[in-house]
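Worksheet: one structure, shown below.
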Amino acid sequence: ECRSNVTRKDSSGVYTIATLKGPSSMGMIKLIDSLNSGGPYNVKATILDEPMQVRKMMIDKTADFAILPTTMAAIIYNKGFGYKLVAVPVWGTLYLVGSDSTVKRWDDLRGRRVHVMARGMTPDELFRYLLRKNGIDPEKEITLDYSFPTHVDLANAVGAGRTELAVLSEPLASMVMKRNGSVRRIFSLNEEWAKFEGIPIAETAFMAKEEMLKNNRDITEKLLSSYEASTNWVNLYPDSAATLIVKYGILPDYESAFNAIPLSNLKFARAKDVKKEVNEYLSVFYRMNPDIVGGKVPDENFIYQ
Amino acid sequence: MTLEVKGLHKRYGEVEIFRDFSISFTEGMITCILGPSGCGKTTLLNILGKIIPPDGGTLAGFDGKIVSYIFQEPRLLPWKSVRGNIEFVLDRNLLPEERKKITDRFISLVELEDFADYYPAKLSGGMRQRVSIARAFAYPSDIILMDEPLKGLDIKLKLNLIQTFSRIWQEDRRTVIFVTHDVDEALLLGNEIVVFSRAPVEIVTQKQIGVPIEERSLNSDYLKNLEKELLRALGG
Amino acid sequence: MTLEVKGLHKRYGEVEIFRDFSISFTEGMITCILGPSGCGKTTLLNILGKIIPPDGGTLAGFDGKIVSYIFQEPRLLPWKSVRGNIEFVLDRNLLPEERKKITDRFISLVELEDFADYYPAKLSGGMRQRVSIARAFAYPSDIILMDEPLKGLDIKLKLNLIQTFSRIWQEDRRTVIFVTHDVDEALLLGNEIVVFSRAPVEIVTQKQIGVPIEERSLNSDYLKNLEKELLRALGG
Amino acid sequence: MKISFTSRQYVSLVSVIIILVTWKFFSLYFNSEFVLPSPEKTLLTTLKLFVDDRFLVTVGTTILRSLTGFIVSFFLGLLAGIAAGVNPYVDAFLRPVLVTIRSVPIIAIILLALIWLTPGTVPVFIAMLTMFPFICTNVSDGIKSVDRDLVKMAKFYRVENARIVKELYIPAIMPFIISGASSAMGIGWRAIITGEVLSHPRYGIGTLMQNAQTFLNVDVVIAWTIIAVVISYGFEKVIRWSERKLIIWRA
Amino acid sequence: MKISFTSRQYVSLVSVIIILVTWKFFSLYFNSEFVLPSPEKTLLTTLKLFVDDRFLVTVGTTILRSLTGFIVSFFLGLLAGIAAGVNPYVDAFLRPVLVTIRSVPIIAIILLALIWLTPGTVPVFIAMLTMFPFICTNVSDGIKSVDRDLVKMAKFYRVENARIVKELYIPAIMPFIISGASSAMGIGWRAIITGEVLSHPRYGIGTLMQNAQTFLNVDVVIAWTIIAVVISYGFEKVIRWSERKLIIWRA
Ligand SMILES: Nc1ncnc2c1ncn2[C@@H]1O[C@H](COP(=O)(O)OP(=O)(O)OP(=O)(O)O)[C@@H](O)[C@H]1O
Ligand SMILES: Nc1ncnc2c1ncn2[C@@H]1O[C@H](COP(=O)(O)OP(=O)(O)OP(=O)(O)O)[C@@H](O)[C@H]1O
Ligand SMILES: [Mg+2]
Ligand SMILES: [Mg+2]
């Protein structure tokens, strides 16, 4: 059983990865599996439901490695908790979905009602940014509806046909589409972002404690390459990966998992190789709402060399 | 016409209070009931007032009659003043001024004019009892049930109330059933006096008093003899 | 020695009950207090029993004395049986058997043997009053305050209790302060009788009765004359 | 200017000071502004919130929500509670409904609530689900403890049922109503804020709290908490004040 | 086998049936398993949960948590409530503490609670914060409504304070205690489950509910809700049964 949350580090020197039940764990699934079946290093993975829980493990320093949204990673860094960004394993999982077949291009969105989860949070700001880039004023020319404040509420509402258009993330989008045939994917916000920025969305961050980076470089290195290998394996063998994903309770059924893998943009990149992408992504949010990234764009040292 | 109780049965657990008990009350008369503590006097009034159901037996002549009741305890609403407690039972169809007039009249009858706005917690025991009397009198009824109405009152007040009461009664001749432990009260007020035995209740003596109420004196030989007889019946 | 109340002051809002009032009670004697309803008798007992504070004045001779009190209302705990209510006030240092013995003795004194396990809601008014009497007697005290203890009791029971009470009193000669509205009770039990006026209280008459309690008869001329005087003082 | 305290207020003040000292102690112990910021810093943050131009509309909206929820639950609860207290069949009917309302976890109905209602009214709904069963239970239990002799008296004198309820039952159960209202308001206020956290209406203390939490501004979270507690204390004062106005008849 | 109903139970049954019918109606209206699955389907899911081998340990753990929280809050609340009811200074001291405990929003303490406590105890903590002020308020309000003449009588006869509390105050406020316990248990049960949803202990109804929710299995969420409601109903029965045992002295 890997879902144990009580993870004080014991004296035997077992290191903990706090990961999220979502795309990040999907990419890591092979690694999780090998750690679980007594892998080579003294590392264990704890799969958590909410970014808040991951953050809590970082605040009380029980996580040596942690996965959370890049914006939250910037907050953690800016508030001085002693974690650095080592890799970006997931590159954008937001999609515009809906049962409305008349919407094909951005311009079709004019005058429509689109449901987005919580106002002021990452998906909202990102969507607004794209709207503006496409010449649509998010305040006047479109109705953004925040009636369903969490991803899960919104997913349920989309599934129930209560909304025509909504911004949803993977793997919830796949789960909804599996159960409600009339919902389709309209476009990938990731691709739209890439059109303007020329780079993909650095959505998820893999962070490591500074002490680990100083004192246990080798373990960190090994872990990074295993994670990378795991992500590659998942993309290569979505079939076997989906089985493992279901086995570890990350998604409820094989079909959703299998569908979600290719759409989750799993691509492991060392942080030092994607400095520009990360910076660009955070700067966009900083300009919209500085609080989202913890008051400022993180400095040089945010990224582990 | 008379009010009739026939073949009354009532028991509480193992204690049998009434076993095939019958009694009748002449309308327009004052019937006084005397009897040992705990014999069943209050229980009888409660049955007559339809507050508790009998286990068996019939009541005749009570239908359609309006009844007022001076309970053994004052039963005042703690959150209403003397005036409020009396007004509480008055018909809402009356105009407020009329209600006020009636209330004031009966408050002065029991000599509580100065305390009309007091809450029960601030009244003495006898004053509470008087509010309860005023409430029963203010309620326009055909029959009045009274359970030791004059207890806790000083002798002067008691005599005043007996006088006032008999004056009122002369006018409207309501049917009154009056429970008391005080033989003198019974002699001064009753047209008929009934003495109850211990439970199960039986009627030990039943006396009629020929002298009109307004002419009675406790010093008359007639009442003195009657008093002796009653005391003997009560085993005192 | 005497119990002294000196220069007592007490007012409720605008109503002045005691204004520089003084009275003394001889120890080992029964003092009866008569007076109009609402004059301040209960207030005086409450002050003597230290239940309410006076506005001014001194009490002497009460210190260290143990007092029991028959309140004007029975004040029984609804969730305790007759037995439980009496045991409630008994000293916890007594053995349970002893407590039971005392309780049983006083229950039979007030003739409630058959109702020892009844809850107050199932007792008649007079029966509740009797529990309150038994409780006060069962509590071992130097002084007993009684506020109309015999109200609501039938005449036979009343006489029995007066007899029992005087028998007990002959033995221990406790100090008793006895409030009543019944002149006969006062004549049968009091060593001293005090009549109060309306508030602010003044002492209208104060009489000593020379005849020993066990030899008294209401038919004796001495008591008959006294009765007349008292009734006059009460304005009845 | 002269400030005078009654000794009771003095004791209340001591209690507040003890709370603050305990807080300071823990904040020194943890020594991290992300776990528990110091009282000084937090009070400063609280003051800053006051001058924010969204302050009034945020607090006002939340208070309005809680008053709406309270008033509706109060009257529904009073009605249902009286009916249940007076009539055993209504009681039997309501009992399963109450238990259901009371124990259904929010998570199970939040979606339904969001579909039917706007994010702004969902907190009111959640608060009603919390407060209503409460007031109802308190009132119906209160009614069962009303002196039956008084009821018999009133029925005997043929006082109309409506007046028996208004002039006998309601004053008699006033202590229960006050107790219920005080608890309900306290817990309802919390429910309102929780509801705002869950439904993210445009304005609301809960919305801002949740935002602050997401952005790890722990001092802001606690500052809003303080504001919430102070407002709640104000409600409590109002309720106790009405208690004194309503229960004037005690000796 | 013969099943007989009292007419009150019959009415309760009718009430349950009405709840089910309303549910069926709405499920037909929404016609989506994402919003409200049909009662039949959900009942089937509920039955399936029963045979799951983790069922007993899950339900058992949650019940244990709620009993712990209840018992601790009950005794603390009783003690504090009596102290506050008897002594106005204790009352003044406790009032700000109670208001604070009662109105601090869960979200504000969850972060702290998660740091101080293990996930298994967080729900108990939250439930205690919910239940304690409740029982305390109910008890202290109850004490204020105790017949002062009885208290004077007991003090007059020099009955020891401990016995006055035990034999006079506690029986007198029994209706308040029962009312408080019933509401507290109801609301505490919900708080326990909310706490589990937030803190995700290893075993717990809330944990499984949240899991089901993230997988969009609304029927499982509702199935757990039904189980939670039934258990809550059981608690209510126990409390009402003790009410009957404890209040035997009414006429
Ligand atoms: N708590 C109180 N607040 C205001 N007034 C009070 C209070 N208690 C008593 N009084 C007033 O004090 C006066 C005396 O009351 P008390 O009970 O002593 O009379 P009492 O002589 O015992 O009368 P009774 O024979 O009717 O019992 C009354 O006028 C009463 O209204
Ligand atoms: N609710 C009840 N449950 C059980 N027994 C009861 C109940 N009410 C009255 N009794 C019993 O019935 C008997 C008669 O009571 P009742 O009140 O009628 O007496 P009473 O004649 O009015 O006495 P008193 O003169 O003392 O008022 C008593 O023995 C009492 O214990
Ligand atoms: Mg009687
Ligand atoms: Mg008196």
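Ordering of the structure tokens sets the chain letters (A, B, ...), residue numbers begin anew at 1 in every chain, and ligands are numbered from 1 in the order given.
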
field: Near-ligand residues for ligand 4, threshold 9 Å, only C-alpha atoms and all ligand atoms, as an MDAnalysis selection string
entry: (chainID B and resid 123:127 152) or (chainID C and resid 37:43 45 71:72 147:148 179:180)

Ile51 of chain B surroundings by only C-alpha atoms, 9 Å radius, close-in-sequence under 4 positions cut, as a list of chain:residue names: B:Leu45, B:Asn46, B:Ile47, D:Lys152, D:Met153, D:Lys155, D:Phe156

At a cut-off of 12 Å, list the chain A residues touching chain E, using only C-alpha atoms, as a ChimeraX atom specification. /A:1-8,21-22,47-50,52-62,150-162,171-180,246,249-253,256-257

For the selection you just gave me, I'd like the residues written to a file as a compact mmCIF listing (two decimals), in the first residue's frame, keeping C-alpha atoms.
# COMPACT_ATOMS: atom_id res chain seq x y z
CA GLU A 1 0.00 0.00 0.00
CA CYS A 2 1.66 3.15 -1.17
CA ARG A 3 -0.93 5.63 0.03
CA SER A 4 0.36 6.21 3.44
CA ASN A 5 0.60 9.85 4.30
CA VAL A 6 2.53 9.61 7.50
CA THR A 7 5.97 9.93 6.07
CA ARG A 8 8.36 11.21 8.64
CA LYS A 21 -2.68 11.58 -8.25
CA GLY A 22 -2.66 12.84 -11.82
CA ILE A 47 0.72 9.44 -3.91
CA LEU A 48 -1.39 12.31 -2.67
CA ASP A 49 -4.75 13.64 -3.81
CA GLU A 50 -4.25 17.34 -3.53
CA MET A 52 -2.17 21.16 -0.80
CA GLN A 53 -1.11 17.89 0.76
CA VAL A 54 2.12 17.83 -1.19
CA ARG A 55 2.82 21.37 -0.11
CA LYS A 56 2.17 20.47 3.50
CA MET A 57 4.83 17.76 3.27
CA MET A 58 7.21 20.33 1.89
CA ILE A 59 6.45 22.83 4.63
CA ASP A 60 7.21 20.30 7.33
CA LYS A 61 10.10 18.95 5.28
CA THR A 62 8.95 15.36 5.15
CA THR A 150 -13.19 22.55 -8.53
CA HIS A 151 -11.96 20.33 -11.36
CA VAL A 152 -14.06 17.46 -10.07
CA ASP A 153 -17.26 19.52 -9.80
CA LEU A 154 -16.69 20.87 -13.25
CA ALA A 155 -15.97 17.43 -14.68
CA ASN A 156 -19.17 16.07 -13.18
CA ALA A 157 -21.13 18.98 -14.58
CA VAL A 158 -19.64 18.46 -18.05
CA GLY A 159 -20.44 14.76 -17.82
CA ALA A 160 -24.00 15.53 -16.82
CA GLY A 161 -24.44 17.81 -19.83
CA ARG A 162 -24.88 20.84 -17.58
CA PRO A 171 -7.10 12.80 -17.00
CA LEU A 172 -10.54 14.09 -15.93
CA ALA A 173 -11.30 15.01 -19.53
CA SER A 174 -10.72 11.43 -20.66
CA MET A 175 -12.80 10.07 -17.80
CA VAL A 176 -15.72 12.31 -18.70
CA MET A 177 -15.51 11.51 -22.39
CA LYS A 178 -15.44 7.82 -21.70
CA ARG A 179 -18.72 8.05 -19.82
CA ASN A 180 -20.47 10.65 -21.91
CA VAL A 246 -5.18 1.38 -12.49
CA GLY A 249 -5.40 3.57 -7.92
CA ILE A 250 -4.40 6.64 -9.89
CA LEU A 251 -7.28 6.24 -12.30
CA PRO A 252 -10.36 4.06 -11.96
CA ASP A 253 -10.32 2.19 -15.24
CA SER A 256 -9.56 6.26 -19.27
CA ALA A 257 -5.93 5.68 -18.40

message = If the cut-off is 12 Å, can you tell me the residues of chain B near chain E, counting only C-alpha atoms? I'd like them as a list in words.
response =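 Those within range of chain E come out as Tyr12, Pro78 and Ala121 of chain B.
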
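The nearest approach to chain E among the residues D:Trp249, D:Phe74, D:Phe93, D:Tyr203, with only C-alpha atoms taken into account, belongs to D:Phe93.
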
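Atom pair atom 23 (O, counted along the ligand's line) of ligand 2 / atom CA of Val131 of chain B has a distance of 21.8 Å (rounded to one decimal).
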
Quick one: everything within 8 Å of Met185 of chain D, counting only C-alpha atoms, minus sequence neighbours fewer than 5 positions away in the same chain. Send it as a PDB file with all heavy atoms, in the first residue's frame.
ATOM      1  N   PHE D  70     -29.401  32.380   8.413  1.00  0.00           N
ATOM      2  CA  PHE D  70     -29.841  32.272   9.795  1.00  0.00           C
ATOM      3  C   PHE D  70     -31.334  32.527   9.915  1.00  0.00           C
ATOM      4  O   PHE D  70     -32.063  31.766  10.544  1.00  0.00           O
ATOM      5  CB  PHE D  70     -29.073  33.258  10.659  1.00  0.00           C
ATOM      6  CG  PHE D  70     -29.500  33.256  12.085  1.00  0.00           C
ATOM      7  CD1 PHE D  70     -29.146  32.201  12.916  1.00  0.00           C
ATOM      8  CD2 PHE D  70     -30.259  34.281  12.605  1.00  0.00           C
ATOM      9  CE1 PHE D  70     -29.542  32.177  14.234  1.00  0.00           C
ATOM     10  CE2 PHE D  70     -30.660  34.262  13.922  1.00  0.00           C
ATOM     11  CZ  PHE D  70     -30.302  33.214  14.744  1.00  0.00           C
ATOM     12  N   MET D 131     -27.795  24.690  10.062  1.00  0.00           N
ATOM     13  CA  MET D 131     -28.492  25.357  11.160  1.00  0.00           C
ATOM     14  C   MET D 131     -29.891  24.833  11.399  1.00  0.00           C
ATOM     15  O   MET D 131     -30.323  24.713  12.534  1.00  0.00           O
ATOM     16  CB  MET D 131     -28.562  26.864  10.881  1.00  0.00           C
ATOM     17  CG  MET D 131     -27.216  27.542  10.939  1.00  0.00           C
ATOM     18  SD  MET D 131     -27.381  29.323  10.975  1.00  0.00           S
ATOM     19  CE  MET D 131     -27.391  29.714   9.257  1.00  0.00           C
ATOM     20  N   SER D 232     -18.209  37.005  14.455  1.00  0.00           N
ATOM     21  CA  SER D 232     -18.993  36.001  15.149  1.00  0.00           C
ATOM     22  C   SER D 232     -19.260  36.434  16.586  1.00  0.00           C
ATOM     23  O   SER D 232     -20.349  36.228  17.125  1.00  0.00           O
ATOM     24  CB  SER D 232     -18.216  34.697  15.121  1.00  0.00           C
ATOM     25  OG  SER D 232     -18.920  33.690  15.741  1.00  0.00           O
ATOM     26  N   PHE D 235     -22.085  38.765  16.589  1.00  0.00           N
ATOM     27  CA  PHE D 235     -23.375  38.068  16.518  1.00  0.00           C
ATOM     28  C   PHE D 235     -23.781  37.549  17.892  1.00  0.00           C
ATOM     29  O   PHE D 235     -24.918  37.683  18.320  1.00  0.00           O
ATOM     30  CB  PHE D 235     -23.289  36.877  15.556  1.00  0.00           C
ATOM     31  CG  PHE D 235     -23.269  37.276  14.115  1.00  0.00           C
ATOM     32  CD1 PHE D 235     -22.403  36.658  13.220  1.00  0.00           C
ATOM     33  CD2 PHE D 235     -24.127  38.242  13.625  1.00  0.00           C
ATOM     34  CE1 PHE D 235     -22.390  37.005  11.879  1.00  0.00           C
ATOM     35  CE2 PHE D 235     -24.119  38.592  12.291  1.00  0.00           C
ATOM     36  CZ  PHE D 235     -23.247  37.968  11.423  1.00  0.00           C
ATOM     37  N   GLU D 236     -22.816  36.924  18.551  1.00  0.00           N
ATOM     38  CA  GLU D 236     -23.074  36.368  19.880  1.00  0.00           C
ATOM     39  C   GLU D 236     -23.584  37.450  20.832  1.00  0.00           C
ATOM     40  O   GLU D 236     -24.549  37.248  21.558  1.00  0.00           O
ATOM     41  CB  GLU D 236     -21.771  35.746  20.401  1.00  0.00           C
ATOM     42  CG  GLU D 236     -21.785  35.307  21.840  1.00  0.00           C
ATOM     43  CD  GLU D 236     -22.465  33.976  22.041  1.00  0.00           C
ATOM     44  OE1 GLU D 236     -22.804  33.330  21.026  1.00  0.00           O
ATOM     45  OE2 GLU D 236     -22.675  33.594  23.200  1.00  0.00           O
TER      46      GLU D 236
END

- Which is closer to chain D than all the others in E:Leu168, E:Ile101, E:Ala92, E:Ile231, using only C-alpha atoms?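 Once distances to chain D are computed over only C-alpha atoms, the minimum belongs to E:Ala92.
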
Review point. Can you list every residue in segment 128-171 of chain E that DSSP puts in helix (DSSP H, G or I), as a PyMOL selection string?
Key: chain E and resi 128-144+148-156+161-171

Quiz prompt | Neighbour list for Glu16 of chain C as an MDAnalysis selection string, cut-off 7 Å, only C-alpha atoms, skip fewer than 3 positions in-chain | solution = chainID C and resid 10:12 19 199:200

Given the selection you just returned, output its residues as a file containing all heavy atoms, formatted as a short mmCIF file (atom, residue, chain, number, x, y, z; two decimals), in the first residue's frame.
data_model
loop_
_atom_site.label_atom_id
_atom_site.label_comp_id
_atom_site.auth_asym_id
_atom_site.auth_seq_id
_atom_site.Cartn_x
_atom_site.Cartn_y
_atom_site.Cartn_z
N LYS C 10 -35.59 46.48 54.29
CA LYS C 10 -35.65 45.71 53.04
C LYS C 10 -36.68 46.34 52.14
O LYS C 10 -37.81 46.60 52.56
CB LYS C 10 -36.03 44.25 53.32
CG LYS C 10 -36.13 43.38 52.09
CD LYS C 10 -34.77 42.98 51.56
CE LYS C 10 -34.85 42.49 50.13
NZ LYS C 10 -33.49 42.23 49.58
N ARG C 11 -36.30 46.61 50.90
CA ARG C 11 -37.29 47.10 49.95
C ARG C 11 -37.11 46.39 48.61
O ARG C 11 -36.03 45.97 48.23
CB ARG C 11 -37.19 48.61 49.78
CG ARG C 11 -35.81 49.13 49.35
CD ARG C 11 -35.89 50.50 48.68
NE ARG C 11 -36.39 51.56 49.53
CZ ARG C 11 -37.51 52.25 49.26
NH1 ARG C 11 -38.20 51.99 48.17
NH2 ARG C 11 -37.89 53.21 50.06
N TYR C 12 -38.21 46.24 47.94
CA TYR C 12 -38.18 45.74 46.56
C TYR C 12 -38.63 46.88 45.69
O TYR C 12 -39.81 47.25 45.73
CB TYR C 12 -39.13 44.56 46.37
CG TYR C 12 -38.67 43.28 47.01
CD1 TYR C 12 -39.40 42.69 48.05
CD2 TYR C 12 -37.53 42.63 46.55
CE1 TYR C 12 -39.00 41.51 48.62
CE2 TYR C 12 -37.12 41.44 47.13
CZ TYR C 12 -37.86 40.88 48.16
OH TYR C 12 -37.45 39.70 48.70
N ARG C 19 -38.97 48.66 57.41
CA ARG C 19 -38.29 49.93 57.64
C ARG C 19 -37.95 49.98 59.12
O ARG C 19 -38.83 50.08 59.96
CB ARG C 19 -39.20 51.09 57.25
CG ARG C 19 -38.52 52.46 57.39
CD ARG C 19 -39.55 53.57 57.49
NE ARG C 19 -40.36 53.67 56.28
CZ ARG C 19 -41.64 54.08 56.29
NH1 ARG C 19 -42.23 54.40 57.42
NH2 ARG C 19 -42.32 54.14 55.17
N ALA C 199 -47.22 45.98 54.75
CA ALA C 199 -45.91 46.57 54.56
C ALA C 199 -46.02 48.09 54.56
O ALA C 199 -47.02 48.62 54.05
CB ALA C 199 -45.30 46.09 53.25
N PRO C 200 -45.05 48.84 55.05
CA PRO C 200 -43.91 48.36 55.83
C PRO C 200 -44.34 47.77 57.16
O PRO C 200 -45.17 48.36 57.86
CB PRO C 200 -43.07 49.63 56.03
CG PRO C 200 -43.99 50.76 55.78
CD PRO C 200 -45.04 50.29 54.86
#

- [ ] Fewer than 4 positions away in the same chain doesn't count, so skip those; otherwise give me all residues within 10 Å of Ile170 of chain E, counting only C-alpha atoms, as a ChimeraX atom specification.
- [x] /E:78,82,139,142-143,146,163-166,174-177

Emit the selected residues as an mmCIF file, in the first residue's frame, including C-alpha atoms.
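Saved file part.cif follows:
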data_model
loop_
_atom_site.group_PDB
_atom_site.id
_atom_site.type_symbol
_atom_site.label_atom_id
_atom_site.label_comp_id
_atom_site.auth_asym_id
_atom_site.auth_seq_id
_atom_site.Cartn_x
_atom_site.Cartn_y
_atom_site.Cartn_z
ATOM 1 C CA LEU E 78 -20.395 19.221 30.433
ATOM 2 C CA ILE E 82 -21.589 23.568 34.333
ATOM 3 C CA VAL E 139 -25.297 22.991 29.220
ATOM 4 C CA GLY E 142 -29.596 24.931 30.594
ATOM 5 C CA ILE E 143 -28.137 25.714 33.974
ATOM 6 C CA VAL E 146 -32.745 25.748 36.397
ATOM 7 C CA ARG E 163 -24.081 16.699 45.040
ATOM 8 C CA ILE E 164 -25.969 19.817 44.015
ATOM 9 C CA VAL E 165 -24.357 19.495 40.611
ATOM 10 C CA LYS E 166 -24.907 15.759 40.378
ATOM 11 C CA MET E 174 -31.023 16.659 31.190
ATOM 12 C CA PRO E 175 -33.309 17.865 28.372
ATOM 13 C CA PHE E 176 -30.641 20.403 27.387
ATOM 14 C CA ILE E 177 -27.912 17.784 27.612
#

(message) For Val122 of chain D, find every residue with an atom within 12 Å (counting only C-alpha atoms), except residues of its own chain fewer than 5 positions away, and show them as JSON, numbers by chain.
(response) {"A": [147, 148, 149], "D": [62, 65, 66, 68, 69, 106, 109, 110, 111, 112, 113, 114, 115, 116, 117, 127, 128, 129, 191, 192, 193, 194, 195, 196, 197, 198, 199, 200, 201, 204]}

Next, the residues of the selection above should be written as a tab-separated table (two decimals), in the first residue's frame with N, CA and C atoms.
chain	number	residue	atom	x	y	z
A	147	SER	N	-19.27	28.71	-11.91
A	147	SER	CA	-20.23	28.05	-11.02
A	147	SER	C	-19.68	26.79	-10.40
A	148	PHE	N	-18.76	26.12	-11.08
A	148	PHE	CA	-18.25	24.86	-10.55
A	148	PHE	C	-16.79	25.05	-10.18
A	149	PRO	N	-16.54	25.19	-8.88
A	149	PRO	CA	-15.26	25.73	-8.44
A	149	PRO	C	-14.09	24.75	-8.42
D	62	THR	N	-20.55	38.37	2.95
D	62	THR	CA	-20.58	37.17	3.80
D	62	THR	C	-21.56	37.34	4.95
D	65	ARG	N	-25.02	36.91	3.64
D	65	ARG	CA	-25.31	35.49	3.43
D	65	ARG	C	-25.67	34.82	4.74
D	66	SER	N	-24.88	35.11	5.77
D	66	SER	CA	-25.12	34.37	7.00
D	66	SER	C	-26.42	34.82	7.64
D	68	THR	N	-29.09	35.88	6.01
D	68	THR	CA	-30.14	35.22	5.25
D	68	THR	C	-30.30	33.78	5.71
D	69	GLY	N	-29.19	33.06	5.75
D	69	GLY	CA	-29.25	31.65	6.14
D	69	GLY	C	-29.82	31.51	7.54
D	106	ILE	N	-21.32	17.29	3.10
D	106	ILE	CA	-21.42	18.32	2.06
D	106	ILE	C	-20.91	17.80	0.73
D	109	ILE	N	-23.42	16.47	-1.68
D	109	ILE	CA	-24.50	17.23	-2.30
D	109	ILE	C	-24.02	18.51	-2.95
D	110	ILE	N	-22.72	18.76	-2.84
D	110	ILE	CA	-22.24	20.04	-3.33
D	110	ILE	C	-22.55	20.23	-4.82
D	111	LEU	N	-22.46	19.15	-5.59
D	111	LEU	CA	-22.70	19.31	-7.02
D	111	LEU	C	-24.15	19.70	-7.30
D	112	LEU	N	-25.06	18.99	-6.60
D	112	LEU	CA	-26.48	19.33	-6.76
D	112	LEU	C	-26.70	20.78	-6.39
D	113	ALA	N	-26.08	21.17	-5.30
D	113	ALA	CA	-26.24	22.55	-4.84
D	113	ALA	C	-25.71	23.51	-5.89
D	114	LEU	N	-24.57	23.17	-6.48
D	114	LEU	CA	-23.97	24.07	-7.47
D	114	LEU	C	-24.83	24.16	-8.72
D	115	ILE	N	-25.49	23.05	-9.04
D	115	ILE	CA	-26.33	23.06	-10.24
D	115	ILE	C	-27.57	23.91	-10.03
D	116	TRP	N	-28.17	23.74	-8.84
D	116	TRP	CA	-29.41	24.48	-8.59
D	116	TRP	C	-29.17	25.94	-8.31
D	117	LEU	N	-28.08	26.19	-7.65
D	117	LEU	CA	-27.89	27.53	-7.12
D	117	LEU	C	-26.65	28.16	-7.71
D	127	ALA	N	-25.21	26.45	4.88
D	127	ALA	CA	-25.42	26.92	6.25
D	127	ALA	C	-26.81	26.55	6.73
D	128	MET	N	-27.78	26.60	5.83
D	128	MET	CA	-29.13	26.24	6.24
D	128	MET	C	-29.20	24.76	6.60
D	129	LEU	N	-28.53	23.95	5.81
D	129	LEU	CA	-28.52	22.52	6.13
D	129	LEU	C	-27.88	22.28	7.50
D	191	ALA	N	-20.09	27.50	8.70
D	191	ALA	CA	-20.56	26.78	7.51
D	191	ALA	C	-20.60	27.70	6.30
D	192	ILE	N	-20.98	28.97	6.52
D	192	ILE	CA	-21.02	29.93	5.43
D	192	ILE	C	-19.62	30.05	4.82
D	193	ILE	N	-18.64	30.18	5.68
D	193	ILE	CA	-17.28	30.38	5.18
D	193	ILE	C	-16.78	29.12	4.49
D	194	THR	N	-17.05	27.98	5.08
D	194	THR	CA	-16.70	26.73	4.42
D	194	THR	C	-17.38	26.66	3.06
D	195	GLY	N	-18.64	27.04	3.04
D	195	GLY	CA	-19.37	27.03	1.78
D	195	GLY	C	-18.73	27.94	0.75
D	196	GLU	N	-18.26	29.07	1.19
D	196	GLU	CA	-17.60	30.00	0.27
D	196	GLU	C	-16.30	29.40	-0.24
D	197	VAL	N	-15.59	28.70	0.65
D	197	VAL	CA	-14.36	28.04	0.22
D	197	VAL	C	-14.69	27.03	-0.87
D	198	LEU	N	-15.80	26.32	-0.68
D	198	LEU	CA	-16.13	25.26	-1.62
D	198	LEU	C	-16.71	25.79	-2.92
D	199	SER	N	-17.47	26.87	-2.84
D	199	SER	CA	-18.18	27.28	-4.06
D	199	SER	C	-17.55	28.52	-4.71
D	200	HIS	N	-16.59	29.15	-4.04
D	200	HIS	CA	-15.88	30.25	-4.63
D	200	HIS	C	-16.75	31.31	-5.27
D	201	PRO	N	-17.62	31.94	-4.48
D	201	PRO	CA	-18.38	33.04	-5.06
D	201	PRO	C	-17.43	34.21	-5.31
D	204	GLY	N	-16.51	37.15	-0.91
D	204	GLY	CA	-16.75	36.35	0.27
D	204	GLY	C	-15.47	36.14	1.04
